[in-house]
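start.pdb (PDB, C-alpha atoms) appears below.
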```pdb
ATOM      1  CA  MET A   1     191.962  47.245 101.691
ATOM      2  CA  PRO A   2     191.070  43.999 103.554
ATOM      3  CA  ARG A   3     188.157  41.999 102.151
ATOM      4  CA  LYS A   4     186.629  41.951 105.656
ATOM      5  CA  PHE A   5     186.237  45.773 105.545
ATOM      6  CA  PHE A   6     184.287  45.509 102.295
ATOM      7  CA  SER A   7     182.013  42.901 103.794
ATOM      8  CA  LEU A   8     181.262  45.143 106.766
ATOM      9  CA  ALA A   9     180.911  48.339 104.756
ATOM     10  CA  ALA A  10     178.723  46.947 102.014
ATOM     11  CA  PRO A  11     175.447  46.942 104.014
ATOM     12  CA  ALA A  12     176.017  50.531 105.131
ATOM     13  CA  ILE A  13     176.768  51.637 101.567
ATOM     14  CA  GLN A  14     173.679  49.810 100.303
ATOM     15  CA  CYS A  15     171.568  51.430 103.022
ATOM     16  CA  ALA A  16     172.829  54.916 102.177
ATOM     17  CA  ALA A  17     172.257  54.318  98.480
ATOM     18  CA  GLY A  18     168.771  53.049  99.224
ATOM     19  CA  ALA A  19     167.958  56.131 101.294
ATOM     20  CA  LEU A  20     169.223  58.420  98.534
ATOM     21  CA  PHE A  21     167.147  56.546  95.974
ATOM     22  CA  ALA A  22     164.078  56.813  98.210
ATOM     23  CA  LEU A  23     164.515  60.578  98.593
ATOM     24  CA  THR A  24     164.944  60.999  94.850
ATOM     25  CA  ALA A  25     161.888  58.878  94.192
ATOM     26  CA  CYS A  26     159.867  60.905  96.683
ATOM     27  CA  ALA A  27     160.874  64.136  94.994
ATOM     28  CA  GLN A  28     159.929  62.723  91.597
ATOM     29  CA  ASP A  29     156.573  61.470  92.897
ATOM     30  CA  PHE A  30     155.614  64.729  94.638
ATOM     31  CA  PRO A  31     152.811  65.695  94.570
ATOM     32  CA  ALA A  32     150.911  62.421  94.684
ATOM     33  CA  LYS A  33     147.745  63.805  96.305
ATOM     34  CA  PRO A  34     145.850  67.129  96.639
ATOM     35  CA  LEU A  35     147.628  70.109  98.172
ATOM     36  CA  ARG A  36     146.221  72.741 100.511
ATOM     37  CA  ILE A  37     147.074  76.439 100.612
ATOM     38  CA  LEU A  38     146.102  78.154 103.850
ATOM     39  CA  VAL A  39     145.041  81.773 103.332
ATOM     40  CA  PRO A  40     144.978  84.195 106.303
ATOM     41  CA  ASN A  41     142.119  86.266 104.861
ATOM     42  CA  ALA A  42     138.462  85.831 103.938
ATOM     43  CA  PRO A  43     137.392  84.819 100.409
ATOM     44  CA  GLY A  44     137.271  87.607  97.849
ATOM     45  CA  GLY A  45     140.186  89.683  99.089
ATOM     46  CA  SER A  46     143.447  90.285  97.279
ATOM     47  CA  THR A  47     145.295  87.526  99.167
ATOM     48  CA  ASP A  48     142.536  85.046  98.393
ATOM     49  CA  ILE A  49     142.550  85.978  94.696
ATOM     50  CA  LEU A  50     146.323  85.538  94.577
ATOM     51  CA  ALA A  51     146.114  82.131  96.280
ATOM     52  CA  ARG A  52     143.508  80.938  93.795
ATOM     53  CA  ILE A  53     145.655  81.959  90.842
ATOM     54  CA  VAL A  54     148.598  80.062  92.334
ATOM     55  CA  GLY A  55     146.375  77.063  93.069
ATOM     56  CA  GLU A  56     144.976  76.938  89.550
ATOM     57  CA  ARG A  57     148.422  77.054  87.984
ATOM     58  CA  LEU A  58     149.823  74.332  90.252
ATOM     59  CA  ASN A  59     146.778  72.212  89.442
ATOM     60  CA  ASP A  60     147.401  72.704  85.731
ATOM     61  CA  LYS A  61     151.070  71.782  86.124
ATOM     62  CA  TRP A  62     150.712  68.705  88.298
ATOM     63  CA  GLY A  63     147.150  67.538  87.750
ATOM     64  CA  GLN A  64     146.519  67.561  91.491
ATOM     65  CA  GLN A  65     143.723  69.508  93.136
ATOM     66  CA  VAL A  66     144.880  72.517  95.175
ATOM     67  CA  ILE A  67     142.427  73.349  97.946
ATOM     68  CA  ILE A  68     142.246  76.971  99.087
ATOM     69  CA  ASP A  69     141.583  76.965 102.829
ATOM     70  CA  ASN A  70     140.597  80.402 104.123
ATOM     71  CA  ARG A  71     141.338  80.846 107.829
ATOM     72  CA  PRO A  72     140.966  84.577 108.596
ATOM     73  CA  GLY A  73     141.447  86.125 112.004
ATOM     74  CA  ALA A  74     144.050  87.252 114.544
ATOM     75  CA  GLY A  75     145.978  89.249 111.970
ATOM     76  CA  GLY A  76     146.752  86.129 109.955
ATOM     77  CA  ASN A  77     148.080  84.180 112.916
ATOM     78  CA  ILE A  78     145.398  81.473 112.802
ATOM     79  CA  ALA A  79     146.390  80.321 109.321
ATOM     80  CA  ALA A  80     150.078  80.723 110.149
ATOM     81  CA  GLU A  81     149.808  78.534 113.244
ATOM     82  CA  LEU A  82     147.931  75.821 111.340
ATOM     83  CA  THR A  83     150.746  75.763 108.800
ATOM     84  CA  ALA A  84     153.469  75.681 111.443
ATOM     85  CA  ARG A  85     151.792  72.679 113.086
ATOM     86  CA  ALA A  86     151.012  70.799 109.853
ATOM     87  CA  ALA A  87     152.833  67.699 108.642
ATOM     88  CA  PRO A  88     156.048  68.821 106.891
ATOM     89  CA  ASP A  89     155.373  66.883 103.712
ATOM     90  CA  GLY A  90     154.828  69.730 101.246
ATOM     91  CA  TYR A  91     151.093  69.186 101.005
ATOM     92  CA  THR A  92     150.175  72.034 103.368
ATOM     93  CA  LEU A  93     151.355  75.469 102.268
ATOM     94  CA  PHE A  94     150.774  79.000 103.497
ATOM     95  CA  LEU A  95     150.325  82.186 101.496
ATOM     96  CA  GLY A  96     152.082  84.472 103.929
ATOM     97  CA  SER A  97     152.842  88.163 103.636
ATOM     98  CA  MET A  98     155.112  90.758 105.141
ATOM     99  CA  SER A  99     152.442  91.310 107.805
ATOM    100  CA  THR A 100     152.295  87.695 108.956
ATOM    101  CA  GLN A 101     156.020  86.917 108.733
ATOM    102  CA  ALA A 102     157.806  90.214 109.432
ATOM    103  CA  VAL A 103     155.415  92.591 111.223
ATOM    104  CA  ASN A 104     153.401  90.339 113.543
ATOM    105  CA  PRO A 105     156.422  88.963 115.462
ATOM    106  CA  SER A 106     157.004  92.449 116.913
ATOM    107  CA  LEU A 107     153.383  93.573 116.952
ATOM    108  CA  TYR A 108     152.028  90.732 119.097
ATOM    109  CA  ALA A 109     153.300  90.226 122.627
ATOM    110  CA  LYS A 110     153.118  86.463 122.189
ATOM    111  CA  LEU A 111     152.601  84.248 119.144
ATOM    112  CA  PRO A 112     151.726  80.522 119.233
ATOM    113  CA  PHE A 113     154.572  79.837 116.789
ATOM    114  CA  ASP A 114     158.032  81.112 115.919
ATOM    115  CA  ALA A 115     157.814  83.045 112.653
ATOM    116  CA  ALA A 116     161.544  82.590 112.033
ATOM    117  CA  LYS A 117     161.935  78.912 112.968
ATOM    118  CA  ASP A 118     158.597  77.231 112.218
ATOM    119  CA  PHE A 119     158.457  77.888 108.467
ATOM    120  CA  ALA A 120     160.418  76.918 105.384
ATOM    121  CA  PRO A 121     160.333  79.815 102.910
ATOM    122  CA  VAL A 122     159.567  78.502  99.406
ATOM    123  CA  SER A 123     159.295  81.521  97.130
ATOM    124  CA  LEU A 124     158.091  85.048  96.782
ATOM    125  CA  VAL A 125     154.997  85.239  94.549
ATOM    126  CA  ALA A 126     154.170  88.928  94.249
ATOM    127  CA  ASN A 127     154.889  92.431  95.489
ATOM    128  CA  SER A 128     152.297  95.131  96.090
ATOM    129  CA  ALA A 129     153.160  98.754  96.623
ATOM    130  CA  ASN A 130     150.987 100.966  98.783
ATOM    131  CA  LEU A 131     149.025 103.766  97.196
ATOM    132  CA  LEU A 132     148.409 107.009  99.030
ATOM    133  CA  LEU A 133     144.714 107.809  98.571
ATOM    134  CA  VAL A 134     142.892 110.923  99.763
ATOM    135  CA  HIS A 135     139.292 112.074  99.768
ATOM    136  CA  PRO A 136     138.512 114.240  96.699
ATOM    137  CA  SER A 137     137.741 117.203  98.954
ATOM    138  CA  ILE A 138     141.307 117.362 100.234
ATOM    139  CA  PRO A 139     143.049 120.413  98.696
ATOM    140  CA  ALA A 140     146.264 118.541  97.944
ATOM    141  CA  ASN A 141     147.378 117.063  94.638
ATOM    142  CA  SER A 142     150.812 115.819  95.640
ATOM    143  CA  VAL A 143     152.607 114.376  98.626
ATOM    144  CA  LYS A 144     154.380 117.695  99.119
ATOM    145  CA  GLU A 145     151.051 119.553  99.265
ATOM    146  CA  LEU A 146     149.592 116.958 101.652
ATOM    147  CA  ILE A 147     152.553 117.373 104.006
ATOM    148  CA  ALA A 148     152.110 121.150 103.957
ATOM    149  CA  LEU A 149     148.404 120.739 104.717
ATOM    150  CA  ALA A 150     149.066 118.312 107.575
ATOM    151  CA  ARG A 151     151.617 120.673 109.101
ATOM    152  CA  ALA A 152     149.145 123.555 108.861
ATOM    153  CA  ARG A 153     146.454 121.439 110.548
ATOM    154  CA  PRO A 154     148.292 119.288 113.124
ATOM    155  CA  GLY A 155     146.168 116.353 114.265
ATOM    156  CA  GLN A 156     143.171 117.432 112.183
ATOM    157  CA  LEU A 157     143.648 115.018 109.282
ATOM    158  CA  ASN A 158     142.291 111.530 109.951
ATOM    159  CA  TYR A 159     143.741 108.442 108.316
ATOM    160  CA  SER A 160     141.851 105.161 108.198
ATOM    161  CA  SER A 161     143.318 101.679 108.471
ATOM    162  CA  SER A 162     142.186  98.071 108.562
ATOM    163  CA  GLY A 163     142.931  97.957 112.287
ATOM    164  CA  SER A 164     145.470  98.907 114.922
ATOM    165  CA  GLY A 165     148.770  97.303 114.071
ATOM    166  CA  SER A 166     147.761  96.569 110.490
ATOM    167  CA  PHE A 167     150.195  97.172 107.683
ATOM    168  CA  ASN A 168     148.420 100.312 106.486
ATOM    169  CA  HIS A 169     148.457 101.611 110.067
ATOM    170  CA  MET A 170     152.217 101.049 110.226
ATOM    171  CA  SER A 171     152.660 102.685 106.810
ATOM    172  CA  ALA A 172     150.896 105.843 107.997
ATOM    173  CA  GLU A 173     152.949 105.901 111.191
ATOM    174  CA  LEU A 174     156.122 105.714 109.124
ATOM    175  CA  PHE A 175     154.794 108.552 106.970
ATOM    176  CA  LYS A 176     154.222 110.665 110.094
ATOM    177  CA  ILE A 177     157.824 110.119 111.174
ATOM    178  CA  LYS A 178     159.352 110.759 107.751
ATOM    179  CA  ALA A 179     157.174 113.805 106.991
ATOM    180  CA  ARG A 180     157.240 115.149 110.571
ATOM    181  CA  VAL A 181     153.473 115.589 110.752
ATOM    182  CA  GLU A 182     150.711 114.753 113.222
ATOM    183  CA  MET A 183     147.582 112.912 112.077
ATOM    184  CA  THR A 184     144.795 110.999 113.823
ATOM    185  CA  HIS A 185     144.378 107.264 113.394
ATOM    186  CA  ILE A 186     140.890 105.790 112.913
ATOM    187  CA  PRO A 187     141.027 101.979 112.809
ATOM    188  CA  TYR A 188     138.369  99.899 111.053
ATOM    189  CA  ASN A 189     137.717  96.194 110.855
ATOM    190  CA  GLY A 190     139.300  95.493 107.493
ATOM    191  CA  GLY A 191     140.558  97.192 104.357
ATOM    192  CA  SER A 192     137.165  97.569 102.700
ATOM    193  CA  PRO A 193     135.600  99.430 105.659
ATOM    194  CA  ALA A 194     138.681 101.664 105.765
ATOM    195  CA  LEU A 195     138.204 102.554 102.091
ATOM    196  CA  ILE A 196     134.456 103.119 102.503
ATOM    197  CA  ALA A 197     135.204 105.419 105.452
ATOM    198  CA  LEU A 198     137.446 107.438 103.175
ATOM    199  CA  VAL A 199     134.773 107.630 100.478
ATOM    200  CA  ARG A 200     132.277 108.861 103.081
ATOM    201  CA  GLY A 201     134.674 111.504 104.341
ATOM    202  CA  GLU A 202     135.063 109.966 107.804
ATOM    203  CA  ALA A 203     138.788 109.935 107.072
ATOM    204  CA  GLN A 204     140.882 112.058 104.760
ATOM    205  CA  LEU A 205     143.576 109.614 103.659
ATOM    206  CA  VAL A 206     144.706 106.007 103.674
ATOM    207  CA  PHE A 207     147.759 103.988 102.696
ATOM    208  CA  ILE A 208     146.593 100.751 101.120
ATOM    209  CA  THR A 209     147.767  98.080  98.697
ATOM    210  CA  THR A 210     146.854  98.369  95.047
ATOM    211  CA  ALA A 211     144.354  95.528  94.605
ATOM    212  CA  PRO A 212     141.546  96.727  96.939
ATOM    213  CA  ALA A 213     142.085 100.329  95.835
ATOM    214  CA  LEU A 214     141.658  99.690  92.099
ATOM    215  CA  PRO A 215     137.834 100.031  91.880
ATOM    216  CA  PHE A 216     137.881 103.305  93.829
ATOM    217  CA  VAL A 217     140.747 104.755  91.825
ATOM    218  CA  ARG A 218     139.341 103.749  88.446
ATOM    219  CA  SER A 219     135.896 105.143  89.308
ATOM    220  CA  GLY A 220     137.357 108.430  90.513
ATOM    221  CA  ARG A 221     135.736 108.097  93.935
ATOM    222  CA  LEU A 222     139.128 108.579  95.577
ATOM    223  CA  LYS A 223     142.141 110.643  94.572
ATOM    224  CA  THR A 224     145.549 108.997  94.272
ATOM    225  CA  LEU A 225     148.569 111.125  95.153
ATOM    226  CA  ALA A 226     151.434 108.679  94.832
ATOM    227  CA  VAL A 227     152.642 105.116  94.691
ATOM    228  CA  CYS A 228     154.895 104.401  97.672
ATOM    229  CA  ALA A 229     157.533 102.396  95.837
ATOM    230  CA  ALA A 230     160.972 102.740  94.300
ATOM    231  CA  LYS A 231     159.487 102.885  90.813
ATOM    232  CA  ARG A 232     156.178 103.756  89.192
ATOM    233  CA  HIS A 233     153.438 101.143  89.071
ATOM    234  CA  PRO A 234     152.797  99.413  85.712
ATOM    235  CA  LEU A 235     149.053 100.012  86.075
ATOM    236  CA  PHE A 236     149.554 103.732  86.803
ATOM    237  CA  PRO A 237     152.558 104.848  84.754
ATOM    238  CA  ALA A 238     151.592 108.528  85.080
ATOM    239  CA  LEU A 239     151.342 108.365  88.879
ATOM    240  CA  PRO A 240     154.549 109.614  90.548
ATOM    241  CA  THR A 241     156.285 107.823  93.366
ATOM    242  CA  ALA A 242     156.290 109.409  96.811
ATOM    243  CA  SER A 243     159.977 110.187  96.315
ATOM    244  CA  GLU A 244     159.258 112.043  93.083
ATOM    245  CA  SER A 245     156.377 113.885  94.688
ATOM    246  CA  GLY A 246     157.977 115.377  97.771
ATOM    247  CA  LEU A 247     159.068 112.657 100.224
ATOM    248  CA  PRO A 248     162.425 111.149  99.166
ATOM    249  CA  GLY A 249     162.993 107.544 100.165
ATOM    250  CA  PHE A 250     159.451 106.834 101.356
ATOM    251  CA  GLU A 251     158.764 103.301 100.162
ATOM    252  CA  VAL A 252     156.146 101.096 101.800
ATOM    253  CA  GLY A 253     154.671  98.040 100.223
ATOM    254  CA  THR A 254     154.070  94.421 101.034
ATOM    255  CA  TRP A 255     154.966  91.099  99.539
ATOM    256  CA  TYR A 256     153.268  87.718  99.358
ATOM    257  CA  GLY A 257     154.981  84.358  99.308
ATOM    258  CA  ILE A 258     154.542  80.640  99.756
ATOM    259  CA  LEU A 259     155.860  78.986 102.914
ATOM    260  CA  ALA A 260     155.789  75.410 104.198
ATOM    261  CA  PRO A 261     156.250  73.871 107.652
ATOM    262  CA  ALA A 262     159.871  74.109 108.809
ATOM    263  CA  ALA A 263     160.874  70.453 108.456
ATOM    264  CA  THR A 264     159.682  70.101 104.858
ATOM    265  CA  ARG A 265     162.367  68.273 102.853
ATOM    266  CA  PRO A 266     164.659  70.516 100.778
ATOM    267  CA  ASP A 267     163.954  68.538  97.599
ATOM    268  CA  VAL A 268     160.219  69.141  97.963
ATOM    269  CA  VAL A 269     160.811  72.843  98.682
ATOM    270  CA  ALA A 270     163.002  73.010  95.566
ATOM    271  CA  LYS A 271     160.295  71.418  93.424
ATOM    272  CA  LEU A 272     157.675  73.838  94.723
ATOM    273  CA  ASN A 273     160.052  76.755  94.172
ATOM    274  CA  ALA A 274     160.705  75.762  90.565
ATOM    275  CA  ALA A 275     156.981  75.430  89.877
ATOM    276  CA  ILE A 276     156.273  78.911  91.250
ATOM    277  CA  ALA A 277     159.157  80.433  89.268
ATOM    278  CA  ASP A 278     157.776  78.906  86.067
ATOM    279  CA  MET A 279     154.277  80.071  86.958
ATOM    280  CA  VAL A 280     155.079  83.753  87.470
ATOM    281  CA  LYS A 281     157.173  83.846  84.283
ATOM    282  CA  ALA A 282     154.344  82.488  82.127
ATOM    283  CA  PRO A 283     152.970  85.488  80.147
ATOM    284  CA  ALA A 284     149.289  84.698  80.779
ATOM    285  CA  THR A 285     149.769  84.250  84.520
ATOM    286  CA  TYR A 286     152.048  87.279  84.762
ATOM    287  CA  GLN A 287     149.404  89.484  83.149
ATOM    288  CA  ARG A 288     146.613  88.024  85.252
ATOM    289  CA  LEU A 289     148.530  88.772  88.443
ATOM    290  CA  LEU A 290     149.356  92.264  87.227
ATOM    291  CA  ASP A 291     145.709  92.953  86.383
ATOM    292  CA  SER A 292     144.729  91.896  89.904
ATOM    293  CA  GLY A 293     146.893  94.685  91.308
ATOM    294  CA  VAL A 294     150.119  92.895  92.254
ATOM    295  CA  GLU A 295     153.499  92.667  90.559
ATOM    296  CA  PRO A 296     154.567  89.040  89.997
ATOM    297  CA  ALA A 297     157.896  88.018  91.510
ATOM    298  CA  SER A 298     159.857  84.948  92.543
ATOM    299  CA  ASN A 299     163.161  84.202  94.250
ATOM    300  CA  THR A 300     165.079  81.329  95.824
ATOM    301  CA  PRO A 301     164.194  79.964  99.270
ATOM    302  CA  GLU A 302     167.428  81.480 100.587
ATOM    303  CA  GLN A 303     166.654  84.905  99.127
ATOM    304  CA  PHE A 304     163.128  84.745 100.502
ATOM    305  CA  ALA A 305     164.451  83.915 103.975
ATOM    306  CA  GLN A 306     166.828  86.889 103.793
ATOM    307  CA  LEU A 307     163.983  89.196 102.737
ATOM    308  CA  ILE A 308     161.875  88.067 105.697
ATOM    309  CA  GLN A 309     164.780  88.668 108.084
ATOM    310  CA  ARG A 310     165.499  92.172 106.730
ATOM    311  CA  ASP A 311     161.872  93.235 106.950
ATOM    312  CA  THR A 312     161.472  91.732 110.413
ATOM    313  CA  GLU A 313     164.310  93.936 111.650
ATOM    314  CA  LYS A 314     162.958  97.001 109.813
ATOM    315  CA  TRP A 315     159.439  96.780 111.225
ATOM    316  CA  ALA A 316     160.616  95.808 114.695
ATOM    317  CA  ALA A 317     162.440  99.130 114.898
ATOM    318  CA  LEU A 318     159.380 101.089 113.742
ATOM    319  CA  ILE A 319     157.010  99.276 116.084
ATOM    320  CA  LYS A 320     159.348  99.959 118.999
ATOM    321  CA  THR A 321     159.476 103.648 118.066
ATOM    322  CA  THR A 322     155.705 104.050 117.741
ATOM    323  CA  GLY A 323     154.733 101.718 120.578
ATOM    324  CA  ALA A 324     152.118 100.103 118.327
ATOM    325  CA  LYS A 325     150.387  96.971 119.575
ATOM    326  CA  ALA A 326     147.885  94.582 118.062
ATOM    327  CA  GLU A 327     144.342  94.828 119.393
TER     328      GLU A 327
END
```
For the file at hand, write its structure as C-alpha cells.
Amino acid sequence: MPRKFFSLAAPAIQCAAGALFALTACAQDFPAKPLRILVPNAPGGSTDILARIVGERLNDKWGQQVIIDNRPGAGGNIAAELTARAAPDGYTLFLGSMSTQAVNPSLYAKLPFDAAKDFAPVSLVANSANLLLVHPSIPANSVKELIALARARPGQLNYSSSGSGSFNHMSAELFKIKARVEMTHIPYNGGSPALIALVRGEAQLVFITTAPALPFVRSGRLKTLAVCAAKRHPLFPALPTASESGLPGFEVGTWYGILAPAATRPDVVAKLNAAIADMVKAPATYQRLLDSGVEPASNTPEQFAQLIQRDTEKWAALIKTTGAKAE
C-alpha cells in the first residue's frame, strides 16, 4: 500500500481511536456527579418506596448521591415528560411502570412525548401482581363464588379504583370481560382512597397491587380472594391464583423499571443495567423489596423494550374494547 495512503489515513485512524478511548473513559467515569430518579407518584407510596431502595443501593455502589424527585400528576405523565426532555447523559432516570409506558399511550388522546421513542429502557426492577380484595360482608370466598354473585346481581356490585383509566380500573374491566359480568365503577383520587372506600363499604371489591393492600390484608380489614398472577405470591403462599380459583388465564399485574432519555449512550445504559441486576440479586435488597410487596426482577434493555411493546399492544386492545379514557 502506498506510503501516501498511510499518511492520509493516519489522522483519521488516530481520531477514531481517540473517540473510542473517550467513550470508554466516559463509561468508566460514570457516574461522576449525583443522579436523579424521577418518580411519578407522591412520597410514601409503593413507587416512591421502590425508588428510594434503588437510590440507596446505587448510592452505596457508586458513592454518588441519588436524588428522588417526586413529580406526581397526570397519571405519571409529568415525570415521564421531564425525563423525555432531560439531557441524555444518564444522570436523569425515570422509575416508570406499565401504566406510564404501556397503558397511557392508548388511554390519553395526546401525550407531550412519545412513550416508544423518547425513552431508553434500562432494566426491569420489580413485578407486582394485583390482589382481588373484597369487603368482609361479601358472601364470596373465591373468584368462582364472586362471579356467581355478580351474575346474580348484575350491576349491583361496585368496584373502586384510583381513577378512571387507572391500572386497577383497567384490571376490573378486563375481569368483567373475562368473567362475563356487569359491575359498577366508582373512581377515587388515588389507591388509598379506593381502599378506604372498600373498608367503609362504599365499594364491594377492588383490584390493586400488593404493596398498598398489605396493611389491610394483614389486619383482616379486607378479604383477599386471589392473586391475579401466573403463580402464587411469596408473601401469601396459601392464597390461590385467580386461575386456580375459578377464572383460568386471568393474570393482571404491573411492573416497574428504570428508563433514561432516548439518546443516552449505550455504554452508560449498560452500566446502569449491570448495577440494577447486581442490586436485585443481592439477598438483603431482594428481601427488602419482597417485604415491601413487590417481586424483584431484572432483564436486559432489549428484553425490557420488548416487554413494553407487548404490553402496549395488549392494553391498547382492551382500551379500544372498553372505550376507556383518562379524566
Residue nearest A:Thr300 - candidates A:Ser219, A:Ser99, A:Thr322, A:Asn273, atoms counted: all atoms listed in the file
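The shortest atom-to-atom distance to A:Thr300 comes from A:Asn273.
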Counting all atoms listed in the file, what is within 10 Å of A:Gly73, bar same-chain residues fewer than 5 positions away, as a JSON list (two decimals) with C-alpha atoms, keeping the file's coordinate frame?
```json
[["chain", "number", "residue", "atom", "x", "y", "z"],
["A", 40, "PRO", "CA", 144.98, 84.20, 106.30],
["A", 41, "ASN", "CA", 142.12, 86.27, 104.86],
["A", 42, "ALA", "CA", 138.46, 85.83, 103.94],
["A", 78, "ILE", "CA", 145.40, 81.47, 112.80],
["A", 79, "ALA", "CA", 146.39, 80.32, 109.32]]
```
Considering only C-alpha atoms, state which residue in the set A:Lys176, A:Ser106, A:His135, A:Ala326 is at the smallest distance from A:Ser162.
A:Ala326
Give the answer as one residue: which of A:Gln309, A:Ser243, A:Asn189, A:Ser97 has the shortest atom-to-atom distance to A:Val125, using all atoms listed in the file?
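When distances to A:Val125 are compared using all atoms listed in the file, the smallest one comes from A:Ser97.
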Could you list the residues chosen by the PyMOL selection byres ((chain A and resi 130-134) around 8) in this structure as a ChimeraX atom specification?
/A:128-129,135-136,138,198,204-210,213,222-229,252-254
When the PyMOL selection byres ((chain A and resi 55) around 9) is applied to the file above, which residues end up in the set, as a count of residues only?
17
Distance criterion (all atoms listed in the file): nearest to A:Leu272 out of A:Val103, A:Ala32, A:Leu93, A:Ala242:
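Comparing A:Val103, A:Ala32, A:Leu93, A:Ala242 against A:Leu272, the winner is A:Leu93.
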Quick one: apply the PyMOL selection byres ((chain A and resi 179) around 10) to the file and drop the selected residues here as a short mmCIF file (atom, residue, chain, number, x, y, z; two decimals) with C-alpha atoms, in the frame of the given file.
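After the write, part_38.cif holds the following:
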```cif
data_model
loop_
_atom_site.label_atom_id
_atom_site.label_comp_id
_atom_site.auth_asym_id
_atom_site.auth_seq_id
_atom_site.Cartn_x
_atom_site.Cartn_y
_atom_site.Cartn_z
CA VAL A 143 152.61 114.38 98.63
CA LYS A 144 154.38 117.70 99.12
CA LEU A 146 149.59 116.96 101.65
CA ILE A 147 152.55 117.37 104.01
CA ALA A 148 152.11 121.15 103.96
CA ALA A 150 149.07 118.31 107.58
CA ARG A 151 151.62 120.67 109.10
CA GLU A 173 152.95 105.90 111.19
CA LEU A 174 156.12 105.71 109.12
CA PHE A 175 154.79 108.55 106.97
CA LYS A 176 154.22 110.66 110.09
CA ILE A 177 157.82 110.12 111.17
CA LYS A 178 159.35 110.76 107.75
CA ARG A 180 157.24 115.15 110.57
CA VAL A 181 153.47 115.59 110.75
CA GLU A 182 150.71 114.75 113.22
CA GLY A 246 157.98 115.38 97.77
CA LEU A 247 159.07 112.66 100.22
CA PRO A 248 162.43 111.15 99.17
CA PHE A 250 159.45 106.83 101.36
#
```
Considering all atoms listed in the file, can you say which of A:Gln101, A:Gln28, A:Thr83, A:Gln64 comes closest to A:Ala305?
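Nearest to A:Ala305: A:Gln101.
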Using all atoms listed in the file, can you tell me which of A:Leu38, A:Ala115, A:Leu289, A:Leu214 comes closest to A:Met98?
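Comparing A:Leu38, A:Ala115, A:Leu289, A:Leu214 against A:Met98, the winner is A:Ala115.
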One-decimal distance in Å that lies between atom CA of A:Gly90 and atom CA of A:Lys271
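Atom-to-atom, atom CA of A:Lys271 to atom CA of A:Gly90, that is 9.7 Å.
Here atom CA of A:Val39 and atom CA of A:Ile258 stand 10.2 Å from one another.
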Around all the atoms of stretch 92-98 of chain A listed in the file, with 4 Å of room on each side, what axis-aligned box do you get, giving centre and edge lengths in Å to one decimal, as lines of an AutoDock Vina configuration file?
```
center_x = 152.6
center_y = 81.4
center_z = 103.3
size_x = 12.9
size_y = 26.7
size_z = 11.6
```
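Atom to atom, atom CA of A:Arg288 and atom CA of A:Asn127 stand 13.9 Å apart.
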Name the residues in contact with A:Val268 at a cut-off of 12 Å, using all atoms listed in the file, excluding same-chain residues fewer than 5 positions from it; report them as a list in words.
Leu23, Thr24, Ala25, Cys26, Ala27, Gln28, Asp29, Phe30, Pro31, Ala32, Pro88, Asp89, Gly90, Tyr91, Thr92, Leu93, Ala120, Pro121, Val122, Leu259, Ala260, Pro261, Ala262, Ala263, Asn273, Ala274, Ala275 and Pro301 of chain A
Please, could N, CA and C atoms be added to stretch 83-95 of chain A and the result written as a PDB file, keeping the file's coordinate frame?
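Okay, this is what ended up in selection19.pdb:
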```pdb
ATOM      1  N   THR A  83     149.657  76.184 109.683  1.00  0.00           N
ATOM      2  CA  THR A  83     150.746  75.763 108.800  1.00  0.00           C
ATOM      3  C   THR A  83     151.942  75.282 109.608  1.00  0.00           C
ATOM      4  N   ALA A  84     152.313  76.034 110.621  1.00  0.00           N
ATOM      5  CA  ALA A  84     153.469  75.681 111.443  1.00  0.00           C
ATOM      6  C   ALA A  84     153.297  74.317 112.100  1.00  0.00           C
ATOM      7  N   ARG A  85     152.055  73.951 112.405  1.00  0.00           N
ATOM      8  CA  ARG A  85     151.792  72.679 113.086  1.00  0.00           C
ATOM      9  C   ARG A  85     151.457  71.532 112.116  1.00  0.00           C
ATOM     10  N   ALA A  86     151.385  71.825 110.835  1.00  0.00           N
ATOM     11  CA  ALA A  86     151.012  70.799 109.853  1.00  0.00           C
ATOM     12  C   ALA A  86     152.159  69.831 109.587  1.00  0.00           C
ATOM     13  N   ALA A  87     151.808  68.679 109.014  1.00  0.00           N
ATOM     14  CA  ALA A  87     152.833  67.699 108.642  1.00  0.00           C
ATOM     15  C   ALA A  87     153.776  68.321 107.611  1.00  0.00           C
ATOM     16  N   PRO A  88     155.080  68.194 107.804  1.00  0.00           N
ATOM     17  CA  PRO A  88     156.048  68.821 106.891  1.00  0.00           C
ATOM     18  C   PRO A  88     156.302  67.981 105.647  1.00  0.00           C
ATOM     19  N   ASP A  89     155.250  67.746 104.880  1.00  0.00           N
ATOM     20  CA  ASP A  89     155.373  66.883 103.712  1.00  0.00           C
ATOM     21  C   ASP A  89     155.183  67.625 102.389  1.00  0.00           C
ATOM     22  N   GLY A  90     154.994  68.943 102.461  1.00  0.00           N
ATOM     23  CA  GLY A  90     154.828  69.730 101.246  1.00  0.00           C
ATOM     24  C   GLY A  90     153.398  69.853 100.775  1.00  0.00           C
ATOM     25  N   TYR A  91     152.487  69.162 101.451  1.00  0.00           N
ATOM     26  CA  TYR A  91     151.093  69.186 101.005  1.00  0.00           C
ATOM     27  C   TYR A  91     150.270  70.273 101.698  1.00  0.00           C
ATOM     28  N   THR A  92     150.818  70.892 102.739  1.00  0.00           N
ATOM     29  CA  THR A  92     150.175  72.034 103.368  1.00  0.00           C
ATOM     30  C   THR A  92     151.089  73.229 103.207  1.00  0.00           C
ATOM     31  N   LEU A  93     150.589  74.264 102.540  1.00  0.00           N
ATOM     32  CA  LEU A  93     151.355  75.469 102.268  1.00  0.00           C
ATOM     33  C   LEU A  93     150.622  76.683 102.829  1.00  0.00           C
ATOM     34  N   PHE A  94     151.330  77.779 102.927  1.00  0.00           N
ATOM     35  CA  PHE A  94     150.774  79.000 103.497  1.00  0.00           C
ATOM     36  C   PHE A  94     151.096  80.172 102.585  1.00  0.00           C
ATOM     37  N   LEU A  95     150.076  80.957 102.236  1.00  0.00           N
ATOM     38  CA  LEU A  95     150.325  82.186 101.496  1.00  0.00           C
ATOM     39  C   LEU A  95     150.522  83.297 102.525  1.00  0.00           C
TER      40      LEU A  95
END
```
